[in-house]
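Undergrad: File work.pdb below, PDB, C-alpha atoms:
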ATOM      1  CA  MET Y   1      17.724 -19.850 -27.344
ATOM      2  CA  LEU Y   2      15.683 -16.637 -27.036
ATOM      3  CA  GLY Y   3      18.055 -14.953 -29.459
ATOM      4  CA  ARG Y   4      17.327 -17.571 -32.103
ATOM      5  CA  ILE Y   5      13.587 -17.224 -31.549
ATOM      6  CA  ARG Y   6      13.875 -13.426 -31.852
ATOM      7  CA  ASP Y   7      15.971 -13.769 -35.030
ATOM      8  CA  GLU Y   8      13.394 -16.095 -36.573
ATOM      9  CA  ALA Y   9      10.539 -13.737 -35.632
ATOM     10  CA  GLU Y  10      12.425 -10.802 -37.201
ATOM     11  CA  ARG Y  11      13.024 -12.820 -40.371
ATOM     12  CA  ARG Y  12       9.359 -13.813 -40.655
ATOM     13  CA  LEU Y  13       7.968 -10.379 -39.776
ATOM     14  CA  GLY Y  14      10.532  -8.412 -41.729
ATOM     15  CA  ARG Y  15      11.094  -5.981 -38.853
ATOM     16  CA  ARG Y  16      13.036  -5.642 -35.622
ATOM     17  CA  VAL Y  17      11.695  -7.512 -32.594
ATOM     18  CA  GLU Y  18      12.695  -6.585 -29.060
ATOM     19  CA  VAL Y  19      12.869  -9.130 -26.252
ATOM     20  CA  GLU Y  20      12.750  -8.124 -22.622
ATOM     21  CA  ILE Y  21      12.920 -10.644 -19.799
ATOM     22  CA  TYR Y  22      10.960  -9.292 -16.866
ATOM     23  CA  ALA Y  23      10.910 -12.289 -14.519
ATOM     24  CA  SER Y  24      12.785 -15.475 -13.985
ATOM     25  CA  ASN Y  25      12.539 -18.255 -11.454
ATOM     26  CA  PRO Y  26      15.777 -20.091 -10.890
ATOM     27  CA  ALA Y  27      15.443 -23.633  -9.650
ATOM     28  CA  ALA Y  28      14.950 -23.967  -5.920
ATOM     29  CA  GLU Y  29      17.590 -25.887  -4.050
ATOM     30  CA  LYS Y  30      16.964 -27.989  -0.972
ATOM     31  CA  SER Y  31      19.029 -26.356   1.745
ATOM     32  CA  GLU Y  32      20.411 -28.020   4.835
ATOM     33  CA  GLY Y  33      18.000 -27.822   7.751
ATOM     34  CA  VAL Y  34      14.874 -27.455   5.635
ATOM     35  CA  GLU Y  35      13.333 -30.668   6.984
ATOM     36  CA  ARG Y  36      13.367 -29.229  10.512
ATOM     37  CA  VAL Y  37      11.471 -26.155   9.292
ATOM     38  CA  ALA Y  38       9.045 -28.272   7.255
ATOM     39  CA  GLU Y  39       8.335 -30.584  10.192
ATOM     40  CA  ALA Y  40       7.637 -27.611  12.481
ATOM     41  CA  VAL Y  41       5.131 -26.255   9.937
ATOM     42  CA  ARG Y  42       3.541 -29.687   9.474
ATOM     43  CA  ARG Y  43       3.119 -30.188  13.239
ATOM     44  CA  ALA Y  44       1.738 -26.674  13.743
ATOM     45  CA  HIS Y  45      -0.744 -27.104  10.891
ATOM     46  CA  ARG Y  46      -1.845 -30.509  12.212
ATOM     47  CA  ALA Y  47      -2.319 -29.137  15.747
ATOM     48  CA  LEU Y  48      -4.216 -26.016  14.706
ATOM     49  CA  ALA Y  49      -6.116 -27.159  11.604
ATOM     50  CA  GLY Y  50      -6.841 -30.669  12.821
ATOM     51  CA  CYS Y  51      -5.646 -32.267   9.596
ATOM     52  CA  GLU Y  52      -2.486 -32.997   7.667
ATOM     53  CA  CYS Y  53      -0.961 -30.252   5.557
ATOM     54  CA  GLU Y  54      -1.506 -30.780   1.829
ATOM     55  CA  GLU Y  55       1.838 -30.731   0.063
ATOM     56  CA  VAL Y  56       1.948 -29.845  -3.611
ATOM     57  CA  VAL Y  57       4.565 -29.037  -6.196
ATOM     58  CA  GLY Y  58       3.684 -26.269  -8.589
ATOM     59  CA  THR Y  59       4.857 -23.165 -10.354
ATOM     60  CA  PHE Y  60       4.724 -19.977  -8.357
ATOM     61  CA  THR Y  61       6.974 -17.087  -7.444
ATOM     62  CA  SER Y  62       8.455 -16.917  -3.988
ATOM     63  CA  ASP Y  63      11.449 -15.413  -2.206
ATOM     64  CA  ALA Y  64      12.126 -18.939  -0.923
ATOM     65  CA  ILE Y  65      13.733 -19.724  -4.273
ATOM     66  CA  HIS Y  66      16.378 -17.060  -3.757
ATOM     67  CA  LEU Y  67      16.870 -17.657  -0.028
ATOM     68  CA  SER Y  68      17.442 -21.381  -0.551
ATOM     69  CA  ARG Y  69      20.261 -20.584  -2.971
ATOM     70  CA  TYR Y  70      22.107 -18.973  -0.054
ATOM     71  CA  GLY Y  71      21.616 -22.002   2.178
ATOM     72  CA  ILE Y  72      18.767 -20.521   4.225
ATOM     73  CA  PRO Y  73      16.292 -23.291   5.079
ATOM     74  CA  VAL Y  74      12.847 -22.236   3.863
ATOM     75  CA  VAL Y  75       9.514 -23.789   2.966
ATOM     76  CA  ASN Y  76       6.478 -22.301   1.253
ATOM     77  CA  TYR Y  77       3.308 -22.462   3.288
ATOM     78  CA  GLY Y  78       0.161 -20.431   3.112
ATOM     79  CA  PRO Y  79      -3.554 -20.287   2.527
ATOM     80  CA  GLY Y  80      -4.859 -21.365  -0.804
ATOM     81  CA  ASP Y  81      -7.254 -24.104  -1.722
ATOM     82  CA  TRP Y  82      -8.139 -24.904   1.905
ATOM     83  CA  GLY Y  83     -11.629 -23.506   1.522
ATOM     84  CA  GLY Y  84     -11.753 -23.016  -2.218
ATOM     85  CA  ARG Y  85      -9.645 -20.364  -3.882
ATOM     86  CA  ARG Y  86     -11.601 -17.696  -5.691
ATOM     87  CA  GLY Y  87     -10.377 -15.644  -8.580
ATOM     88  CA  GLY Y  88     -11.791 -13.071 -10.881
ATOM     89  CA  GLU Y  89     -11.265  -9.534 -12.036
ATOM     90  CA  GLU Y  90     -10.216  -8.460  -8.539
ATOM     91  CA  GLY Y  91      -7.589 -11.234  -8.429
ATOM     92  CA  GLU Y  92      -7.021 -14.148  -6.142
ATOM     93  CA  ALA Y  93      -8.747 -14.192  -2.774
ATOM     94  CA  VAL Y  94      -8.818 -16.428   0.295
ATOM     95  CA  ARG Y  95     -11.118 -16.494   3.295
ATOM     96  CA  LEU Y  96     -10.159 -14.370   6.312
ATOM     97  CA  GLU Y  97     -10.324 -17.466   8.533
ATOM     98  CA  GLU Y  98      -7.631 -19.089   6.376
ATOM     99  CA  LEU Y  99      -5.365 -16.063   6.799
ATOM    100  CA  GLU Y 100      -5.868 -16.159  10.561
ATOM    101  CA  LEU Y 101      -5.087 -19.886  10.741
ATOM    102  CA  CYS Y 102      -2.041 -19.360   8.564
ATOM    103  CA  ALA Y 103      -0.697 -16.635  10.884
ATOM    104  CA  ARG Y 104      -1.240 -18.902  13.901
ATOM    105  CA  VAL Y 105       0.596 -21.762  12.162
ATOM    106  CA  TYR Y 106       3.519 -19.436  11.342
ATOM    107  CA  ALA Y 107       3.756 -18.309  14.968
ATOM    108  CA  ARG Y 108       3.539 -21.813  16.437
ATOM    109  CA  ALA Y 109       6.027 -23.255  13.940
ATOM    110  CA  ALA Y 110       8.482 -20.402  14.595
ATOM    111  CA  LEU Y 111       8.295 -20.944  18.348
ATOM    112  CA  GLU Y 112       8.872 -24.674  17.920
ATOM    113  CA  PHE Y 113      11.708 -24.131  15.456
ATOM    114  CA  MET Y 114      13.457 -21.751  17.859
ATOM    115  CA  GLY Y 115      13.273 -24.277  20.668
ATOM    116  CA  ASN Y 116      10.297 -22.920  22.599
ATOM    117  CA  GLY Y 117       8.020 -25.561  21.157
ATOM    118  CA  TYR Y 118       5.020 -27.448  22.310
TER
END
Can you turn what I pasted into structure tokens?

TA:
Amino acid sequence: MLGRIRDEAERRLGRRVEVEIYASNPAAEKSEGVERVAEAVRRAHRALAGCECEEVVGTFTSDAIHLSRYGIPVVNYGPGDWGGRRGGEEGEAVRLEELELCARVYARAALEFMGNGY
């Protein structure tokens, strides 16, 4: 497909066009055991944040995509729009309190997942 697009661009421009793929996101696969991880994160978030975890589907880059392809159960969880994401020239930013809560959720979920739960 990209080759045909490049060929058409070369034909229209009358010069050589180079194509370089610098990133790709293969489809994530649901691995066995992922529900146990997800439930641990949900419970930890509920206990520490006092509300349900918002679950969204979107486009982003994550190592979870590659790990899931090897059967490693993973979920994506982290701070974001909890308190209003800010962007700008300096890039994306989240509040320090969100990062702290996120770290506490990771720790609690990991303990639960490993059998030392609450």

Undergrad: Would you compute the distance between CA of Val94 (chain Y) and CA of Ile65 (chain Y)? Give it in Å to one decimal.

TA: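 Taking CA of Val94 (chain Y) as the start and CA of Ile65 (chain Y) as the end point, the length is 23.2 Å.
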
Undergrad: Can you list, as a list of chain:residue names, every protein, DNA or RNA residue that comes within 10 Å of Glu112 (chain Y) when you count only C-alpha atoms, leaving out same-chain residues fewer than 6 positions away?

TA: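 Residues meeting the cut-off are Y:Arg36, Y:Val37, Y:Glu39, Y:Ala40, Y:Val41, Y:Arg43, Y:Ala44, Y:Tyr106, Y:Tyr118.
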
Undergrad: Between Y:Val105, Y:Arg16, Y:Ile5, Y:Arg69, which residue has the minimum interatomic distance to Cys53 (chain Y), considering only C-alpha atoms?

TA: Y:Val105

Undergrad: May I ask for the distance between CA of Cys102 (chain Y) and CA of His45 (chain Y), given in Å to one decimal place?

TA: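 CA of Cys102 (chain Y) sits 8.2 Å away from CA of His45 (chain Y).
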
Undergrad: So, with only C-alpha atoms as the atoms that count, which of Y:Glu18, Y:Gly78, Y:Ala38, Y:Asp63 lies closest to Arg104 (chain Y)?

TA: Y:Gly78

Undergrad: In Å, with one decimal, what is the gap from CA of Glu35 (chain Y) to CA of Ala103 (chain Y)?

TA: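 Between these atoms lies a distance of 20.2 Å.
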
Undergrad: Can you give me, as a list of chain:residue names, the residues this file yields under the PyMOL selection byres ((chain Y and resi 19-22) around 12)?

TA: Y:Met1, Y:Leu2, Y:Gly3, Y:Arg4, Y:Ile5, Y:Arg6, Y:Asp7, Y:Ala9, Y:Glu10, Y:Arg16, Y:Val17, Y:Glu18, Y:Ala23, Y:Ser24, Y:Asn25

Undergrad: Would you compute an axis-aligned box for region 63-79 of chain Y, covering every atom listed for it in the file with 3 Å of margin on each side, and report centre and edge lengths in Å to one decimal as AutoDock Vina command-line options?

TA:
--center_x 9.3 --center_y -19.6 --center_z 0.4 --size_x 31.7 --size_y 14.4 --size_z 15.4

Undergrad: Residues picked by the PyMOL selection byres ((chain Y and resi 74) around 8) here, as a list in words?

TA: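 With the shown file as input, the PyMOL selection byres ((chain Y and resi 74) around 8) matches Ser31, Val34, Val37, Ala38, Ala64, Leu67, Ser68, Ile72, Pro73, Val75 and Asn76 of chain Y.
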
Undergrad: Selected residues, C-alpha atoms, written as a compact mmCIF listing (two decimals), keeping the file's coordinate frame, please.

TA:
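Done, and the output landed in result-v7.txt:
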# COMPACT_ATOMS: atom_id res chain seq x y z
CA SER Y 31 19.03 -26.36 1.74
CA VAL Y 34 14.87 -27.46 5.64
CA VAL Y 37 11.47 -26.16 9.29
CA ALA Y 38 9.04 -28.27 7.26
CA ALA Y 64 12.13 -18.94 -0.92
CA LEU Y 67 16.87 -17.66 -0.03
CA SER Y 68 17.44 -21.38 -0.55
CA ILE Y 72 18.77 -20.52 4.22
CA PRO Y 73 16.29 -23.29 5.08
CA VAL Y 75 9.51 -23.79 2.97
CA ASN Y 76 6.48 -22.30 1.25

Undergrad: Between Y:Gly71, Y:His66, Y:Glu55, Y:Arg46, which is the closest to Arg108 (chain Y) once you count all atoms listed in the file?

TA: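 Of Y:Gly71, Y:His66, Y:Glu55, Y:Arg46, the one nearest Arg108 (chain Y), counting all atoms listed in the file, is Y:Arg46.
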